[in-house]
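One structure below.
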Amino acid sequence: MYYSRLRLLGVAGICLIGVLLCLPNFLRSPAPSLPWRQIHLGLDLRGGSYLLLQLDLKSLEHDRLQSLQDQARQTLLDHSLGYRDFVRDDATASLSFAPRSVAERDAALKAMQSLPPVVPNEFTTSEKDGRIVLTLQHEAMLARAREAVAQSIEIVRRRIDATGAIDPSIAREGDDRIVVELPGVSDPERIKSLLGTTARLTFRLLAPNPSVASPGSTMLEDESMHTQVAVQDHVDVDGTDLTNAGAVIDQQSGGWAVTFQLNSAGATAFANVTRANVGKRFAIVLDNKVIEAPNIISPITAGNGQITGGFDARSASDLALLLRAGALPAPLSVVEQRTIGPSLGAASIRAGIISLLTGLLLVIVFMVLFYGRFGLYADIALFANLILMVGILSLFQATLTLPGMAGMLLTLGMAVDANILINERIREEVKRGRGPLQALQAGFDRATGTIIDSNATAFLAHVMLFVFGTGPVRNFALTITIGIVTTLFTTLLLSRLLVVRWYALARPKELPV
């Protein structure tokens, strides 16, 4: 039962650090440069908006068929092979074409087999009724969908961060859904607009006859002219080559515009297409809508440009933000939306604090009534446990939700169980006739193994809950996992230290337990 001065200082120092880590939650930062880490409140405590987004996987499949068609055309051109027509079938996720002649069929089939897949085993190549057919594989598209969801989460995070939203929570749900929680955002309309925009920017030439769709072209809405124009399906320059975008005031018109900068590959492609098509109209297409389609007056070789289209300051800034964040691999639609008002969040905070303090008070009274002085020491350790939990959550700037507060309360109950076990062991030793020192030593030693075993199994269970859970479940598991660690410290070290110091000073003949 001996505690060295070094161990005493170590336990006291850890408790002091816990108190210091808790202070930022109750005090204002004295200096901006000082690291002032606080616990952030979740959506259910602070109020805000909840959005459930769904990725359009059919659109992802359609876009892949379109890009595969462009690849196939370019490959046939590179091999000096001809074709009569291309047919896309979204229902069967297939693409087919007829070779120019029977003599070229084998060469065309071999050329299609050499196309690079986006994911392994993405498509199969076969011959049917004189046509070469490329069919997307379901398993490969599922793998592509998983990649698309992960990519979408990162793009959504970049877009939301650019709006200045504080402590957003973005997580995957199922195979094709994304959950977005925005604490403190009571009106999510602008966020919805930003997230619902795919922001796929492409540059394409208009069809030879812009008023009629011909093979290889599609009628799109021209927002600048409020009419329909035929735009070639082939993408000459893709928005993925953008490196920067910004909102500026156009020097000629005085209105708002969006400037963009291309990387070297994009700048080269832009220069080549504008050099070869001087005098033709070049459409700037955003999410299958033509923003403008100016004439190419001269080759553009600098790799930058400007988009005008009746923007105001907000719409120009939003478009620049979207282009900088990158295009979504497929459209996102809002399938569920909830808004929690600040008053409801404040009520949740009050209810959570009242339940936590009530539970803590009942535990304190119970321990003092049943175990006297040792119950008081257990209460001190329990209070230190709560401080250490809050301190660790503050250190990592964790987000606290109602399930997290429930986890804190449950942790306090688990900590009390450990102290009850120790005190009952000590009582048993006293009843067996052992002296005070021997009873304390045996009680702590016999209870320690049981406490460690039970907390270790609970720790592993909640780690798995944190790893495989989502949203509130993860927050619940996080607080309990941290609480188990602090419980072991306060029960096996702090409680024992308090009892040891009392015994060393009082030297009682009987134990008050």
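Simple scheme: letters A, B, ... for chains in structure tokens order, numbers from 1 for residues in each chain, numbers from 1 for ligands in the order shown.
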
**Prompt:** Can you tell me, as a VMD selection string, what residues are no more than 10 Å from Arg88 of chain A when counting only C-alpha atoms, ignoring any on the same chain fewer than 2 positions away?
**Reply:** chain A and resid 62 65 to 66 69 86 90 to 97 133 to 134

Could you take the residues named above and write them with C-alpha atoms, as an mmCIF file, in the first residue's frame?
data_model
loop_
_atom_site.group_PDB
_atom_site.id
_atom_site.type_symbol
_atom_site.label_atom_id
_atom_site.label_comp_id
_atom_site.auth_asym_id
_atom_site.auth_seq_id
_atom_site.Cartn_x
_atom_site.Cartn_y
_atom_site.Cartn_z
ATOM 1 C CA HIS A 62 -24.504 6.969 -68.310
ATOM 2 C CA LEU A 65 -20.796 4.994 -71.345
ATOM 3 C CA GLN A 66 -20.361 8.445 -72.907
ATOM 4 C CA GLN A 69 -17.735 5.993 -76.517
ATOM 5 C CA PHE A 86 -22.508 4.111 -82.209
ATOM 6 C CA ASP A 90 -28.520 2.592 -70.773
ATOM 7 C CA ALA A 91 -30.914 -0.256 -69.926
ATOM 8 C CA THR A 92 -28.263 -2.916 -70.533
ATOM 9 C CA ALA A 93 -25.289 -0.634 -69.758
ATOM 10 C CA SER A 94 -23.779 -1.401 -73.141
ATOM 11 C CA LEU A 95 -22.245 0.396 -76.106
ATOM 12 C CA SER A 96 -22.122 -1.023 -79.629
ATOM 13 C CA PHE A 97 -20.985 -0.035 -83.091
ATOM 14 C CA VAL A 133 -20.474 -4.640 -78.061
ATOM 15 C CA LEU A 134 -18.864 -3.226 -74.914
#

When DSSP works through the backbone of this structure, what residues of segment 263-308 of chain A end up as strand (DSSP E or B), shown as a PyMOL selection string?
chain A and resi 281-286+289-292+295+304-308

Take the residues from that selection and write them out as a CSV table (one decimal), in the first residue's frame, keeping N, CA and C atoms.
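Result file follows (result_25.csv):
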chain,number,residue,atom,x,y,z
A,281,ARG,N,-18.3,28.5,-83.1
A,281,ARG,CA,-18.8,28.8,-81.7
A,281,ARG,C,-18.3,27.6,-80.8
A,282,PHE,N,-17.9,28.1,-79.6
A,282,PHE,CA,-17.3,27.2,-78.6
A,282,PHE,C,-18.1,27.3,-77.3
A,283,ALA,N,-18.9,26.2,-77.0
A,283,ALA,CA,-19.8,26.3,-75.9
A,283,ALA,C,-19.1,26.0,-74.6
A,284,ILE,N,-19.5,26.8,-73.6
A,284,ILE,CA,-19.1,26.6,-72.2
A,284,ILE,C,-20.3,25.9,-71.5
A,285,VAL,N,-20.2,24.6,-71.1
A,285,VAL,CA,-21.3,23.9,-70.7
A,285,VAL,C,-21.1,23.5,-69.2
A,286,LEU,N,-22.1,23.9,-68.4
A,286,LEU,CA,-22.0,23.5,-66.9
A,286,LEU,C,-23.2,22.7,-66.6
A,289,LYS,N,-25.9,22.5,-69.3
A,289,LYS,CA,-26.6,23.7,-69.7
A,289,LYS,C,-25.5,24.6,-70.2
A,290,VAL,N,-25.8,25.2,-71.4
A,290,VAL,CA,-24.8,26.1,-72.0
A,290,VAL,C,-24.9,27.5,-71.3
A,291,ILE,N,-23.8,27.9,-70.7
A,291,ILE,CA,-23.7,29.2,-70.1
A,291,ILE,C,-23.5,30.3,-71.1
A,292,GLU,N,-22.6,30.1,-72.0
A,292,GLU,CA,-22.5,30.9,-73.2
A,292,GLU,C,-21.7,30.2,-74.3
A,295,ASN,N,-18.0,33.0,-80.2
A,295,ASN,CA,-17.2,32.6,-81.4
A,295,ASN,C,-15.7,32.7,-81.0
A,304,ASN,N,-6.0,30.4,-69.8
A,304,ASN,CA,-7.0,31.0,-68.9
A,304,ASN,C,-8.1,31.6,-69.7
A,305,GLY,N,-9.2,31.9,-69.0
A,305,GLY,CA,-10.4,32.4,-69.7
A,305,GLY,C,-11.3,33.0,-68.7
A,306,GLN,N,-12.5,33.5,-69.2
A,306,GLN,CA,-13.5,34.2,-68.4
A,306,GLN,C,-14.8,33.7,-68.8
A,307,ILE,N,-15.7,33.5,-67.8
A,307,ILE,CA,-17.1,33.1,-68.1
A,307,ILE,C,-18.0,34.2,-67.7
A,308,THR,N,-18.8,34.7,-68.6
A,308,THR,CA,-19.8,35.7,-68.2
A,308,THR,C,-21.2,35.0,-68.5

Self-check item: Residues within 12 Å of segment 203-211 of chain A, only C-alpha atoms, excluding chain neighbours under 5 positions, as a ChimeraX atom specification
Solution: /A:216-222,227-242,266,269-270,273-274,276-296,305,307

What's around segment 310-321 of chain A at 12 Å? Count only C-alpha atoms, leave out sequence neighbours fewer than 5 positions away in its own chain, and write the answer as a PyMOL selection string. chain A and resi 155-156+158-164+190-195+197-201+223-225+242-250+253-261+286-287+291-292+326-327

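Running DSSP on the backbone and keeping only helix (DSSP H, G or I), the residues of segment 198-287 of chain A that qualify are Gly239, Thr240, Asp241, Ser264, Ala265, Gly266, Ala267, Thr268, Ala269, Phe270, Ala271, Asn272, Val273, Thr274, Arg275 and Ala276 of chain A.
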
query: Do you know which residues are at most 9 Å from Gln113 of chain A counting only C-alpha atoms, after dropping those on the same chain fewer than 4 positions away, and could you put them as an MDAnalysis selection string?
result: chainID A and resid 108:109 124:125

Saved selection, atoms kept: C-alpha atoms, as a PDB file, in the first residue's frame:
ATOM      1  CA  ALA A 108     -11.671  -3.255 -84.264  1.00  0.00           C
ATOM      2  CA  LEU A 109     -12.448  -5.935 -81.685  1.00  0.00           C
ATOM      3  CA  THR A 124     -16.409  -6.999 -71.544  1.00  0.00           C
ATOM      4  CA  THR A 125     -15.967  -6.888 -75.312  1.00  0.00           C
TER       5      THR A 125
END

Show me a table, sorted first by chain and then by increasing residue number, of the residues of segment 79-155 of chain A having an atom at most 12 Å from segment 44-53 of chain A, each with its shortest atom pair and the distance in Å to one decimal, counting only C-alpha atoms and written as JSON lines.
{"residue": "A:Val149", "atom": "CA", "partner": "A:Leu53", "partner_atom": "CA", "distance": 10.5}
{"residue": "A:Ser152", "atom": "CA", "partner": "A:Leu53", "partner_atom": "CA", "distance": 10.4}
{"residue": "A:Ile153", "atom": "CA", "partner": "A:Leu53", "partner_atom": "CA", "distance": 10.3}

Convert the current residue selection to file output with C-alpha atoms, as a PDB file, in the first residue's frame.
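part-v6.pdb, written as the output of this step:
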ATOM      1  CA  VAL A 149     -19.248   8.074 -52.968  1.00  0.00           C
ATOM      2  CA  SER A 152     -18.195  12.868 -53.374  1.00  0.00           C
ATOM      3  CA  ILE A 153     -17.710  12.997 -49.596  1.00  0.00           C
TER       4      ILE A 153
END

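Once Gln54 of chain A and its same-chain neighbours fewer than 3 positions away are set aside, A:Leu51, A:Leu57, A:Val149, A:Glu173, A:Gly174, A:Asp175, A:Asp176, A:Arg177, A:Ile178, A:Val179, A:Gly196, A:Ala330, A:Pro331, A:Leu332, A:Ser333, A:Val334, A:Val335, A:Glu336 remain within 10 Å of it when counting only C-alpha atoms.
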
Next, the residues of the selection above should be written as a short mmCIF file (atom, residue, chain, number, x, y, z; two decimals), in the first residue's frame with C-alpha atoms.
data_model
loop_
_atom_site.label_atom_id
_atom_site.label_comp_id
_atom_site.auth_asym_id
_atom_site.auth_seq_id
_atom_site.Cartn_x
_atom_site.Cartn_y
_atom_site.Cartn_z
CA LEU A 51 -29.30 16.64 -44.95
CA LEU A 57 -25.65 5.97 -59.80
CA VAL A 149 -19.25 8.07 -52.97
CA GLU A 173 -24.61 5.92 -45.10
CA GLY A 174 -25.23 2.74 -47.06
CA ASP A 175 -23.93 2.27 -50.59
CA ASP A 176 -24.99 5.54 -52.21
CA ARG A 177 -25.96 8.03 -49.49
CA ILE A 178 -24.15 10.78 -47.60
CA VAL A 179 -25.27 12.31 -44.30
CA GLY A 196 -26.99 19.72 -55.44
CA ALA A 330 -22.55 12.16 -60.32
CA PRO A 331 -25.45 14.41 -59.23
CA LEU A 332 -26.50 14.49 -55.58
CA SER A 333 -30.14 14.85 -54.60
CA VAL A 334 -31.54 15.74 -51.17
CA VAL A 335 -33.80 12.87 -50.05
CA GLU A 336 -34.31 14.06 -46.47
#

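For Leu77 of chain A, the set of protein, DNA and RNA residues having any atom at most 12 Å away, when counting only C-alpha atoms and skipping those fewer than 6 positions along the same chain, is Asp70, Gln71, Tyr83, Arg100, Ala108, Ala111 and Met112 of chain A.
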
Would you save the residues from that selection as a compact mmCIF listing (two decimals), in the first residue's frame, using C-alpha atoms?
# COMPACT_ATOMS: atom_id res chain seq x y z
CA ASP A 70 -15.29 8.91 -76.85
CA GLN A 71 -12.40 6.58 -76.02
CA TYR A 83 -17.33 2.63 -88.00
CA ARG A 100 -16.85 -0.10 -91.47
CA ALA A 108 -11.67 -3.26 -84.26
CA ALA A 111 -8.59 -2.33 -80.48
CA MET A 112 -11.60 -2.25 -78.12

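Using only C-alpha atoms, the nearest neighbour of Arg144 of chain A within the list A:Pro299, A:Pro32, A:Gly130, A:Pro329 is A:Pro329.
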
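Distances here use only C-alpha atoms; by that measure, the residue among A:Ala145, A:Leu322, A:Leu81, A:Ile480 closest to Val390 of chain A is A:Ile480.
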
Of A:Ser348, A:Ser214, A:Thr470, A:Thr486, the one nearest to Ala171 of chain A when counting only C-alpha atoms is A:Thr470
